[in-house]
Structures are given as structure tokens and as C-alpha cells.
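Have a look at the structure below, then the notes.
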Amino acid sequence: MELFQSSTLKTLFDPPTGDLIAGLETIQFKTLCPGEYNSLFIQLRRRSNLLTTTHIAHACQFIALANRIKREGDKLKGTPDKKRSHRLMAEVRREPGLKIGIIGVGRIGHLLATFLLKYGDVYPDELYLSSRQADLLTDMTQLGVGFCKFNNAYIVQHCDIVFLCVAPHHIRYIVDDIRDRIKSKVLIYSLVLGFPSLKLSSLLKHILIIKPSYQVNEAIDKDESLWPPDDDIESVIRNDLLLKRISLENEDQNDSLVRDDELVPTISYALLNILKQNASLNRIQSLRVLSALLFNNSNIDLIIEKFDGIETNHEYFPDFDLVHLANKKTVIRDLLDDNTNLRRLFFETFISHFTQFK
């Protein structure tokens with residue numbers, strides 16, 4: 001019982017911001033691993049903090065963009081107003097957004113739910129959570145979250161975008177639950193380690209999958225000042241310097257701590273799919289809206305010219321196979337590689353998404 005004297009059960013099991021070893025001196029890293037091993041664990045914690053924050057920040061921006069498409073619908077056929085706060089517009093009209101599901105609401109899933117409500121333009125009644133420990137989600141039910149139960153099949157049958165946040169050894173049980181129940185248009189966004197999109201696609205028999213695969217800059221292990229080991233995600237999001245270091249298209253690659261060359265193109269094609277499904281936009285309209293959303297510019301003719309070679313005899317884009325696009329060179333990747341100005345615009349859009357909340 002001595003182990004619990006310095007920590008309440010609420011603190012111990014509070015997933016959003018609680019540290020599982022806070023107050024438990026006998027299992028602190030500095031006690032368990034003195035000397036050189038302690039520094040190794042600090043490096044691991046720093047990497048874990050970096051990757052967790054990166055996953056959540058990019059997921060929040062993507063969901064906010066997807067929800068803007070859903071909420072504004074056909075209004076996007078005109079040029080989106082870059083200066084308006086979409087959140088404020090939604091508060092007035094309360095137009096329905098996408099239904100967002102999370103399967104697996106442990107530490108990562110709970111953090112994701114928390115920050116989607118704050119930075120992803122997701123309302124509580126549009127968020128659906130499935131967890132084996134749904135009884136521990138009292139904070140979410142108090143916020144008005146629409147669904148807090150253990151029912152994975154329900155999530156993929158009723159949501160538009162579903163995050164997989166389970167441990168790798170649980171994925172086979174999840175696959176058995178949802179494989180034959182996933183709606184054809186559902187977008188799966190996986191944060192499961194060890195399961196690349198191709199493997200997950202084969203298991204689920206589904207092609208609308210986003211799977212970030214971040215590479216970490218080894219400089220983080222050599223220079224402790226680049227990233228804090230223990231800062232909470234809220235502090236990081238409010239720090240422009242740290243946000244810049246997790247932007248995927250930072251012009252200064254030496255200042256970037258993570259890299260994933262395929263994520264921005266995959267997200268771009270996912271947004272084109274969402275535009276087609278929710279706003280019925282043709283090719284040119286879709287590209288102009290995509291330019292406005294990702295690059296804060298609705299008149300980038302370069303993007304339109306590059307896409308002209310894709311099925312030019314069709315007025316509308318096809319439904320893009322996100323899994324196979326993520327594994328080959330794409331128009332979006334070529335554009336970003338060849339045009340530093342485009343990369344700068346995306347970088348600025350990412351930063352501005354979070355600074356608007358300050």
C-alpha cells in the first residue's frame with residue numbers, strides 16, 4: 001500500500017494529462033535507472049512526447065479541414081474566405097460536421113479525443129468513442145460526447161472518419177470486429193504501430209486508410225534543448241517554435257524533428273475525396289478549394305496544371321485509393337519537392353491553424 005500513498009487513484013488513471021508515474025518515487029526513472037541508463041530513458045520519453053504530439057497536432061488540423069468541407073458544403077464552390085473564423089461561424093449556425101470515431105481510448109486515444117474537441121472543430125455530440133474501459137470515460141460523457149461504449153462495429157458503421165488507437169497486439173481483435181462492417185466511404189486513420197497502410201488494408205479489405213509513418217531526426221538525442229521530455233501537449237501547441245519543428249513541410253529541414261514525405265499528399269487526396277462526397281465539386285473547384293485549405297491560396301494555377309494529366313476527360317475526380325497512392329510518387333509530392341514557396345505556404349497554414357486559438 002505504500003506505493004499508493006503519494007498518489008490518488010484519480011491521478012494515477014487520469015488519461016488526458018496525468019503522468020502514470022507521478023508521485024510514485026519508487027518507480028521513477030531516476031530511481032530505477034541511475035547513471036547512463038537514466039539518460040537513455042529520458043531520450044525515449046522525449047521521442048515519445050515528440051511523436052505523440054506530432055500525431056495529435058496533424059490529426060487535429062486534418063479533421064478541422066475535413067469538417068470545414070462538411071459544414072460549408074456547397075458554399076465552398078465559391079472562394080473560401082481565408083480571414084473568417086470557421087469555429088465562430090459554426091457556433092452561430094451549428095451546421096452538422098463529420099462524425100468522428102475513435103476505437104481504443106487509452107492514453108493516446110483519450111488525448112486525441114481531448115484535443116479534437118479543442119482544435120479539430122469537433123463538437124462533443126459528433127465524437128464517438130469505443131473502449132473496453134468505457135466506464136473510465138466519465139469526463140467525456142460529462143462533456144456530452146455522443147457515444148462512449150464498447151462497440152467497435154457501431155463506430156465504423158456510423159462514423160465518417162475513424163481513428164484506430166489500439167495497441168498492436170489488439171489489432172487482430174479489432175479486425176475481426178470491424179472488417180465486414182466498414183462502410184465503403186469510411187476513412188480509417190490509423191495510429192497503430194507496426195501496421196503500415198498496405199498491411200492494414202489487406203486485413204480490413206479497405207483502401208481509404210491514412211497511416212502516418214514519422215521518421216525522427218536523431219538530433220533530438222544529441223541536443224536536449226530541441227524538445228522537452230515532459231511538456232504536455234497543450235504547452236507544445238502554444239509554442240510556435242516547437243510547432244515549427246513538427247511541421248512536415250518546414251523549409252529548414254535541419255530544424256525539423258519529424259518527417260513523413262507521404263502524409264501531406266495522402267491527406268490532400270483524402271480531402272479531395274471528402275470534397276467530392278460532401279460538396280459535389282468538379283475537378284477545378286476541388287483543386288481551388290484544396291489550395292485554399294492547405295496553402296491559404298485559392299488561385300494556385302500550378303496545382304491545376306499539374307493535375308490536368310489525370311483523367312482529363314472526366315469532370316470530377318475519381319475516388320482516390322489512399323493506400324496505394326501513399327506508396328508511389330504523386331502530383332502533390334512532386335509539387336512540394338519542386339516548389340519551395342508551396343512548402344512555405346503549407347508550413348504557414350499549419351502554424352496558423354493553432355495560433356488562431358491563442
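Chain lettering (A, B, ...) mirrors the order of the C-alpha cells, residue numbering begins at 1 for each chain separately, and ligand numbering begins at 1 in order of display.
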Problem set entry | Contacts of stretch 156-165 of chain A at 8 Å (only C-alpha atoms; same-chain gap of 2+ positions) as a ChimeraX atom specification | /A:98-106,108-109,128,152-154,167,178,181-183,185-192
For this session: For A:Gln356, work out the shell of residues within 10 Å, counting only C-alpha atoms and skipping chain neighbours fewer than 3 positions away, then give it as a PyMOL selection string.
Result: chain A and resi 85+119+351-353
For this session: Just the residues within 10 Å of A:Pro228, please, counting only C-alpha atoms, with nothing from its chain fewer than 5 positions along; format it as a list in words.
Result: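 Returned residues: Ile42, Gln43, Arg45, Arg46, Arg47, Asn49, Leu50, Ile220, Val236 and Leu242 of chain A.
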Exercise. Hey, what does DSSP flag as strand (DSSP E or B) within stretch 54-191 of chain A? Can you give it to me as an MDAnalysis selection string?
Worked result: chainID A and resid 100:103 127:130 147:149 161:164 187:190
Okay, now the selection with N, CA and C atoms, as a CSV table (one decimal), in the first residue's frame?
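Everything below was put into part_4.csv:
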```csv
chain,number,residue,atom,x,y,z
A,100,ILE,N,-16.9,11.7,-36.0
A,100,ILE,CA,-15.5,11.2,-35.8
A,100,ILE,C,-15.5,10.1,-34.7
A,101,GLY,N,-15.0,9.0,-35.1
A,101,GLY,CA,-14.9,7.8,-34.1
A,101,GLY,C,-13.5,7.6,-33.7
A,102,ILE,N,-13.3,7.1,-32.5
A,102,ILE,CA,-12.0,6.6,-32.0
A,102,ILE,C,-12.2,5.2,-31.4
A,103,ILE,N,-11.5,4.3,-32.0
A,103,ILE,CA,-11.5,2.9,-31.4
A,103,ILE,C,-10.2,2.7,-30.6
A,127,LEU,N,-18.6,13.2,-31.7
A,127,LEU,CA,-17.5,12.3,-31.3
A,127,LEU,C,-18.0,11.0,-30.7
A,128,TYR,N,-17.5,9.9,-31.3
A,128,TYR,CA,-17.9,8.6,-30.9
A,128,TYR,C,-16.7,7.8,-30.4
A,129,LEU,N,-16.8,7.3,-29.2
A,129,LEU,CA,-15.6,6.6,-28.6
A,129,LEU,C,-16.0,5.1,-28.2
A,130,SER,N,-15.1,4.2,-28.6
A,130,SER,CA,-15.3,2.8,-28.3
A,130,SER,C,-14.1,2.3,-27.5
A,147,PHE,N,-21.1,9.2,-27.9
A,147,PHE,CA,-21.1,7.7,-27.7
A,147,PHE,C,-19.9,7.3,-27.0
A,148,CYS,N,-20.0,6.7,-25.8
A,148,CYS,CA,-18.9,6.2,-25.0
A,148,CYS,C,-19.3,4.8,-24.5
A,149,LYS,N,-19.0,3.8,-25.4
A,149,LYS,CA,-19.4,2.5,-25.1
A,149,LYS,C,-18.3,1.6,-25.8
A,161,ILE,N,-15.1,9.3,-40.2
A,161,ILE,CA,-13.7,9.1,-40.1
A,161,ILE,C,-13.4,8.4,-38.8
A,162,VAL,N,-12.6,7.3,-38.8
A,162,VAL,CA,-12.4,6.5,-37.6
A,162,VAL,C,-10.9,6.4,-37.3
A,163,PHE,N,-10.5,6.8,-36.1
A,163,PHE,CA,-9.1,6.6,-35.7
A,163,PHE,C,-9.0,5.3,-35.0
A,164,LEU,N,-7.9,4.6,-35.3
A,164,LEU,CA,-7.5,3.4,-34.6
A,164,LEU,C,-6.4,3.7,-33.7
A,187,LEU,N,-13.3,6.7,-43.7
A,187,LEU,CA,-11.9,6.9,-43.8
A,187,LEU,C,-11.3,6.4,-42.5
A,188,ILE,N,-10.3,5.5,-42.6
A,188,ILE,CA,-9.6,4.9,-41.4
A,188,ILE,C,-8.3,5.7,-41.2
A,189,TYR,N,-8.1,6.2,-40.1
A,189,TYR,CA,-6.8,7.0,-39.7
A,189,TYR,C,-6.2,6.2,-38.6
A,190,SER,N,-5.1,5.5,-39.0
A,190,SER,CA,-4.5,4.5,-38.0
A,190,SER,C,-3.3,5.1,-37.3
```
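Between atom CA of A:Leu281 and atom CA of A:Gln61 there is a distance of 21.6 Å.
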For this session: Taking the chain letters and numbering used in this document, name the residues of stretch 70-256 of chain A that DSSP puts in helix (DSSP H, G or I), as an NGL selection string.
Result: :A and (70-77 or 86-93 or 107-119 or 124-126 or 134-136 or 138-143 or 152-158 or 168-178 or 197-204 or 219-222 or 224-226 or 233-237 or 240-245 or 253-255)
For this session: Just the residues within 10 Å of stretch 140-145 of chain A, please, counting only C-alpha atoms, with nothing from its chain fewer than 4 positions along; format it as a count of residues only.
Result: 14
Between stretch 206-245 of chain A and stretch 252-272 of chain A, at 12 Å or less, what are the per-residue closest atom pairs and their distances in Å? Count only C-alpha atoms, order by chain and rising residue number, and return it as a tab-separated table.
```
residue	atom	partner	partner_atom	distance
A:Ile207	CA	A:Ala270	CA	11.1
A:Leu208	CA	A:Ala270	CA	7.9
A:Ile209	CA	A:Ala270	CA	8.9
A:Ile210	CA	A:Thr266	CA	6.8
A:Lys211	CA	A:Leu263	CA	7.7
A:Pro212	CA	A:Leu263	CA	5.9
A:Ser213	CA	A:Asp260	CA	6.0
A:Tyr214	CA	A:Asp260	CA	5.0
A:Gln215	CA	A:Arg259	CA	5.1
A:Val216	CA	A:Val258	CA	4.7
A:Asn217	CA	A:Leu257	CA	4.7
A:Glu218	CA	A:Leu257	CA	8.0
A:Ala219	CA	A:Leu257	CA	7.7
A:Ile220	CA	A:Leu257	CA	7.0
A:Asp221	CA	A:Leu257	CA	10.6
A:Asp223	CA	A:Leu257	CA	11.3
A:Leu226	CA	A:Leu257	CA	8.3
A:Trp227	CA	A:Leu257	CA	8.7
A:Leu241	CA	A:Asp255	CA	9.6
A:Leu242	CA	A:Leu257	CA	9.3
A:Leu243	CA	A:Ser256	CA	9.6
A:Lys244	CA	A:Ser256	CA	7.3
A:Arg245	CA	A:Ser256	CA	4.4
```
Exercise. Using only C-alpha atoms, which of the listed residues (A:Asn297, A:Asp319, A:Phe41, A:Ile171) sits closest to A:Ile274?
Worked result: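 So, comparing all the options, the nearest one is A:Asp319.
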For this session: Figure out the distance between atom CA of A:Ser247 and atom CA of A:Leu287, please, to one decimal in Å.
Result: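 Distance between the two atoms: 22.2 Å.
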For this session: Could you jot down the atom CA of A:Leu111 to atom CA of A:Thr138 separation for me, Å, one decimal place?
Result: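 Taking atom CA of A:Leu111 as the start and atom CA of A:Thr138 as the end point, the length is 14.3 Å.
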Problem set entry | Residue nearest A:Phe347 among A:Asn327, A:Leu290, A:Phe295, A:Arg172 (counting only C-alpha atoms) | A:Phe295
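Proximity ranking of A:Ala66, A:Asp338, A:Asp240, A:Thr330 relative to A:Gln277 places A:Ala66 first, based on only C-alpha atoms.
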